[in-house]
Each structure stands twice: as structure tokens, then as C-alpha cells.
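Student: Input: one structure, supplied below.
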Amino acid sequence: MTAKRLDGTATARTIREDLAGRVARLSAHQMVPGIATVLVGEDPASVLYVGMKHRQALAIGMRSIERHLPSNARQEEVLAVLDDLNADPRCHGYIVQLPLPPQIHTDTVLERIHPDKDADGLHPTNLGKLVLNVDSPISSPLPCTPRGAIELLRRNGYDLAGKHVVVVGRGITIGRSVGLLLTRRDVNATVTLTHTGTRDLGAQLRQADVIIAAVGVKHLIRREDVKPGAAVIDVGVTRETDVETGEHRVYGDVHPDVAEIAGYLSPNPGGVGPMTVALLLTNVVEAAERALAQQQDIA
């Protein structure tokens with residue numbers, strides 16, 4: 001058996017094509033969706049990632065707003081930038097690029113983002129809405145990476161309804177929040193959340209129809225851990241530098257030999273990563289659509 005490759009790059013492209021049409025319709029009503037980023041410092045990976053987001057946003061007609069502060073910026077300066085974006089009607093959603101320098105308290109900064117402009121979908125208010133309103137239509141931003149993982153499966157013909165999904169990792173960015181999305185009625189999966197306290201992780205994994213790995217441990221999941229035909233979504237990231245060449249490489253949580261037994265497998269990189277950016281843009285477009293609907297209701 002050779003697993004079907006879940007190409008996140010190609011799937012994300014189809015999402016952006018759909019978004020371009022929605023952006024055009026919004027722009028016709030003088031509502032140009034605006035995405036902003038806040039970058040503190042010069043971390044090369046962060047600079048690259050932020051640039052990619054803006055290029056993709058501009059390519060589909062969105063407004064792009066960049067806020068770049070020096071690495072020695074004080075917390076008060078960062079918070080002032082967030083307050084400006086919260087009040088800026090041209091900005092419908094934004095992110096603060098992580099990691100932040102050590103003098104900045106990350107939780108304080110992230111909680112300063114207005115929930116309506118939380119492009120990542122991880123503000124405490126929005127996670128609380130996800131918990132409370134599990135069956136209601138989308139009325140607030142949803143977590144990008146978990147939503148991207150689900151869309152990657154759906155758009156490649158995989159029906160999650162009734163499936164047993166084992167999530168490896170309990171971080172809020174993916175592990176805990178993906179469980180909330182998977183158990184919504186429109187997805188209707190059954191979820192087991194595993195972590196460092198789980199006994200016999202392999203036994204749990206071998207029962208799974210779907211595995212979502214999100215711990216950042218290189219090649220943690222091997223062929224012998226996977227039920228034949230299972231779908232495996234690799235979200236974990238481990239970065240290593242070759243001491244001889246200086247070359248940087250990215251590894252996932254899933255060993256390449258899993259492709260021999262899985263039915264579906266997302267590459268890493270090239271799987272959920274591109275989907276995360278596409279769903280980030282989706283959150284901002286949806287925020288602009290909500291803003292236009294509110295304007296029309298008032299009128």
C-alpha cells in the first residue's frame with residue numbers, strides 16, 4: 001500500500017482561488033479585506049513567514065498592513081501598535097508573529113488583540129465561543145491550523161463523520177483546539193486526545209482511523225504505530241541544522257515509512273503549513289464579510 005499524498009500546497013491554492021472571488025465581491029462594496037502582521041525583531045524564519053502571508057494576501061486583492069518593531073521594543077510599544085490595529089477600520093484581522101523577544105510577555109500581548117480581529121482564532125474569547133457554541137454557524141474566527149488540517153482531509157475526499165481520530169499532543173494551538181473542531185456536528189468525529197501521560201501510545205494509535213500528530217518530536221510515529229489504511233496528518237515541526245553544511249531542515253512527527261501502510265498522508269513540509277496560511281486569509285475575509293453584513297443591517 002502507498003498512501004495518497006495530501007498536497008497542502010495544491011489544496012491551499014484552490015482555497016485562495018475561491019477567496020479571490022469573495023474579495024472581489026467585497027471590494028465592489030468598498031470593503032477591501034485588510035490583513036495585518038506585527039513582527040518584533042529580525043528572526044529569519046519569522047521574516048520569511050510574514051512576507052509569504054503578505055504576498056499571498058496581495059495576490060488575491062486583499063489589503064496588506066505591516067507593523068515591524070525592533071527587537072528591543074518595549075512591551076508598551078507593542079501594545080500601542082495593537083491598540084492602533086484594533087481601532088483601524090481598514091484592518092479586519094491580524095496576527096502577532098511568534099516568538100516574541102524575552103522582554104515581551106506573550107500572553108499579555110495576545111490577549112490585547114480584539115477578538116473580532118483575531119486572525120489566528122486563538123484568542124481566549126474565540127476559543128470560549130468554540131466551546132460554548134459547538135453547533136452554531138461560524139460567527140468568530142476559528143483556529144487556523146486545526147481548521148486547515150480538517151479542510152485538507154475534506155477537500156481530498158476524506159469524510160471524517162464517525163471516524164475515530166487520535167490526536168497526539170495537547171497544546172492549545174493544535175491539540176486541544178482541533179478536538180473541539182472535530183467534534184462539531186458538521187464534522188462529527190470521535191476524538192481521543194493523547195499526551196505525555198498517555199499509557200501505551202502505540203496501542204491508542206493503532207485503533208485510529210485518523211492520526212493528527214502535533215508534538216514536535218522528529219519521527220515519533222512509525223509504521224508499526226499505524227492501522228493499515230489510516231489517514232495520518234503530520235503537523236509537528238522539528239528544525240535541525242547540519243553542523244557541516246549549515247543547512248536547515250524541517251522534519252515532521254511522522255516517519256517516512258508510514259507511507260507504506262497509511263491510506264492518506266500529509267507531507268511535512270508541504271501539508272498543513274500552506275493550509276494554515278490559507279485559513280488565516282479565510283478568517284480575515286470572513287471578518288470582512290461579517291463587517292459588511294453589519295453595515296447593510298444598519299443601513
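Order determines the names: the first chain of the C-alpha cells is A, the second B, and so forth; residues in each chain are numbered 1 upward, and ligands are numbered 1 upward as they are shown.
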Fewer than 5 positions away in the same chain doesn't count, so skip those; otherwise give me all residues within 8 Å of Gly273 in chain A, counting only C-alpha atoms, as a ChimeraX atom specification.
Tutor: /A:8,145,235,268
Student: When DSSP works through the backbone of this structure, what residues of range 87-291 of chain A end up as strand (DSSP E), shown as a PyMOL selection string?
Tutor: chain A and resi 93-96+164-168+190-194+210-213+231-234+238-241+248-251+264-265
Student: Give the answer as one residue: which of A:Ala12, A:Val109, A:Leu19, A:Val285 has the shortest atom-to-atom distance to Leu153 in chain A, using only C-alpha atoms?
Tutor: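 So, comparing all the options, the nearest one is A:Ala12.
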Student: Using only C-alpha atoms, find each residue in range 76-172 of chain A having at least one atom no more than 10 Å away from range 47-57 of chain A; report its shortest atom-to-atom pair and that distance in Å (one decimal), rows by chain then rising number, as JSON lines.
Tutor:
{"residue": "A:Ile95", "atom": "CA", "partner": "A:Val50", "partner_atom": "CA", "distance": 9.5}
{"residue": "A:Val96", "atom": "CA", "partner": "A:Val50", "partner_atom": "CA", "distance": 9.8}
{"residue": "A:Gln97", "atom": "CA", "partner": "A:Val50", "partner_atom": "CA", "distance": 7.5}
Student: Write out as an mmCIF file with C-alpha atoms, in the first residue's frame each polymer residue whose atoms come within 8 Å of Gly162 in chain A, counting only C-alpha atoms; drop sequence neighbours fewer than 4 positions from it.
Tutor:
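What follows is the written file out03.cif:
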data_model
loop_
_atom_site.group_PDB
_atom_site.id
_atom_site.type_symbol
_atom_site.label_atom_id
_atom_site.label_comp_id
_atom_site.auth_asym_id
_atom_site.auth_seq_id
_atom_site.Cartn_x
_atom_site.Cartn_y
_atom_site.Cartn_z
ATOM 1 C CA ASN A 188 -18.947 14.562 13.775
ATOM 2 C CA ALA A 189 -15.758 12.655 14.543
ATOM 3 C CA THR A 190 -14.851 10.911 17.803
#
Student: Can you list, as JSON, numbers by chain, all residues belonging to range 24-193 of chain A that DSSP tags as alpha helix (DSSP H)?
Tutor: {"A": [24, 25, 26, 27, 44, 45, 46, 47, 48, 49, 50, 51, 52, 53, 54, 55, 56, 57, 58, 59, 75, 76, 77, 78, 79, 80, 81, 82, 83, 84, 85, 86, 87, 106, 107, 108, 109, 110, 111, 112, 124, 125, 126, 127, 128, 129, 130, 131, 132, 144, 145, 146, 147, 148, 149, 150, 151, 152, 153, 154, 177, 178, 179, 180, 181, 182]}
Student: Fewer than 3 positions away in the same chain doesn't count, so skip those; otherwise give me all residues within 9 Å of Gly93 in chain A, counting only C-alpha atoms, as a compact mmCIF listing (two decimals) with N, CA and C atoms, in the first residue's frame.
Tutor:
# COMPACT_ATOMS: atom_id res chain seq x y z
N PRO A 33 -10.88 43.52 2.26
CA PRO A 33 -10.39 42.83 3.45
C PRO A 33 -8.93 43.18 3.73
N GLY A 34 -8.66 43.59 4.95
CA GLY A 34 -7.31 44.00 5.32
C GLY A 34 -6.70 43.08 6.36
N ILE A 35 -5.52 42.54 6.05
CA ILE A 35 -4.79 41.69 6.99
C ILE A 35 -3.54 42.43 7.44
N ALA A 36 -3.24 42.34 8.73
CA ALA A 36 -2.04 42.98 9.27
C ALA A 36 -1.20 41.96 10.03
N THR A 37 0.09 42.25 10.09
CA THR A 37 1.01 41.44 10.90
C THR A 37 1.82 42.38 11.78
N LEU A 85 -4.20 48.94 15.62
CA LEU A 85 -4.82 48.00 14.69
C LEU A 85 -6.25 47.66 15.12
N ASN A 86 -6.48 47.55 16.42
CA ASN A 86 -7.83 47.29 16.91
C ASN A 86 -8.80 48.40 16.49
N HIS A 114 -8.08 42.44 19.66
CA HIS A 114 -9.55 42.42 19.73
C HIS A 114 -10.03 41.08 19.18
N ASP A 116 -12.55 40.13 17.57
CA ASP A 116 -13.08 40.16 16.21
C ASP A 116 -11.97 40.22 15.16
N LYS A 117 -10.78 40.64 15.58
CA LYS A 117 -9.66 40.78 14.64
C LYS A 117 -8.58 39.73 14.87
N ASP A 118 -8.93 38.70 15.57
CA ASP A 118 -8.00 37.61 15.90
C ASP A 118 -7.89 36.66 14.72
N ALA A 119 -6.95 36.93 13.82
CA ALA A 119 -6.85 36.15 12.58
C ALA A 119 -6.43 34.71 12.83
N ASP A 120 -5.74 34.45 13.93
CA ASP A 120 -5.32 33.08 14.25
C ASP A 120 -6.43 32.25 14.87
N LEU A 280 -5.83 31.33 7.50
CA LEU A 280 -5.59 32.65 8.09
C LEU A 280 -6.24 33.72 7.22
N LEU A 281 -5.99 33.64 5.91
CA LEU A 281 -6.62 34.58 4.98
C LEU A 281 -8.15 34.42 4.99
N ASN A 283 -10.03 33.52 7.53
CA ASN A 283 -10.56 34.18 8.73
C ASN A 283 -10.72 35.68 8.52
N VAL A 284 -9.75 36.29 7.84
CA VAL A 284 -9.82 37.74 7.62
C VAL A 284 -10.92 38.08 6.63
N VAL A 285 -11.05 37.30 5.57
CA VAL A 285 -12.12 37.54 4.60
C VAL A 285 -13.49 37.37 5.26
N ALA A 287 -14.16 37.86 8.37
CA ALA A 287 -14.37 39.02 9.24
C ALA A 287 -14.86 40.22 8.43
N ALA A 288 -14.31 40.40 7.24
CA ALA A 288 -14.77 41.49 6.37
C ALA A 288 -16.20 41.26 5.92
Student: My list of candidates is A:Arg63, A:Lys4, A:Arg249, A:His68. Which is closest to Ala230 in chain A when distances are computed with only C-alpha atoms?
Tutor: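 Of all the options, A:Lys4 lies closest to Ala230 in chain A.
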Student: Contacts of Gly61 in chain A at 8 Å or less, counting only C-alpha atoms, minus same-chain residues fewer than 3 places along, as a list in words?
Tutor: Ala20, Val23, Ala24, Val32, Ala57 and Leu58 of chain A
Student: Near Thr282 in chain A, counting only C-alpha atoms, which residues have an atom at most 10 Å away, once you skip same-chain residues fewer than 4 positions from it, shown as a VMD selection string?
Tutor: chain A and resid 15 to 16 18 to 19 22 119 141 to 142 144 276 to 278 286 to 288
Student: Dump C-alpha atoms for the selected residues as a PDB file, in the first residue's frame?
Tutor:
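Everything below was put into again-v8.pdb:
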ATOM      1  CA  ILE A  15      -8.875  27.947  -1.313  1.00  0.00           C
ATOM      2  CA  ARG A  16      -7.099  31.143  -2.370  1.00  0.00           C
ATOM      3  CA  ASP A  18     -12.175  30.893  -4.019  1.00  0.00           C
ATOM      4  CA  LEU A  19     -11.116  33.702  -1.678  1.00  0.00           C
ATOM      5  CA  ARG A  22     -15.039  36.688  -2.373  1.00  0.00           C
ATOM      6  CA  ALA A 119      -6.854  36.152  12.582  1.00  0.00           C
ATOM      7  CA  PRO A 141     -12.519  33.294  13.875  1.00  0.00           C
ATOM      8  CA  LEU A 142     -11.677  29.576  14.087  1.00  0.00           C
ATOM      9  CA  CYS A 144      -6.262  28.240  11.574  1.00  0.00           C
ATOM     10  CA  THR A 276      -2.680  27.309   7.831  1.00  0.00           C
ATOM     11  CA  VAL A 277      -1.866  30.408   5.777  1.00  0.00           C
ATOM     12  CA  ALA A 278      -4.886  29.848   3.518  1.00  0.00           C
ATOM     13  CA  GLU A 286     -14.894  36.137   6.796  1.00  0.00           C
ATOM     14  CA  ALA A 287     -14.365  39.024   9.240  1.00  0.00           C
ATOM     15  CA  ALA A 288     -14.767  41.493   6.375  1.00  0.00           C
TER      16      ALA A 288
END
Student: Please provide the set of residues having any atom within 12 Å of Val217 in chain A, restricted to only C-alpha atoms, with same-chain residues fewer than 5 positions apart removed, written as a list in words.
Tutor: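 These residues fall inside the cut-off: Val168, Gly169, Thr196, Arg222, Asp234, Val235, Gly236, Val237, Thr238, Arg239, Glu240, Val250, Tyr251, Gly252, Asp253, Val254 and His255 of chain A.
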Student: What gap, in Å, lies between CA of Ser71 in chain A and CA of Thr108 in chain A?
Tutor: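 About the pair CA of Ser71 in chain A and CA of Thr108 in chain A: they are 17.3 Å apart.
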Student: Expressed in Å to a single decimal, how great is the separation between CA of Leu82 in chain A and CA of Thr125 in chain A?
Tutor: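 A separation of 16.7 Å between them.
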Student: Under the rule that only C-alpha atoms are counted, which of A:Ala214, A:Leu100, A:Ala203, A:Leu39 is the nearest residue to Gly171 in chain A?
Tutor: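 Checking each of A:Ala214, A:Leu100, A:Ala203, A:Leu39 against Gly171 in chain A, counting only C-alpha atoms, the winner is A:Ala214.
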Student: So how far away is CA of Asp7 in chain A from CA of Pro267 in chain A, in Å?
Tutor: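 Between CA of Pro267 in chain A and CA of Asp7 in chain A the gap works out to 7.1 Å.
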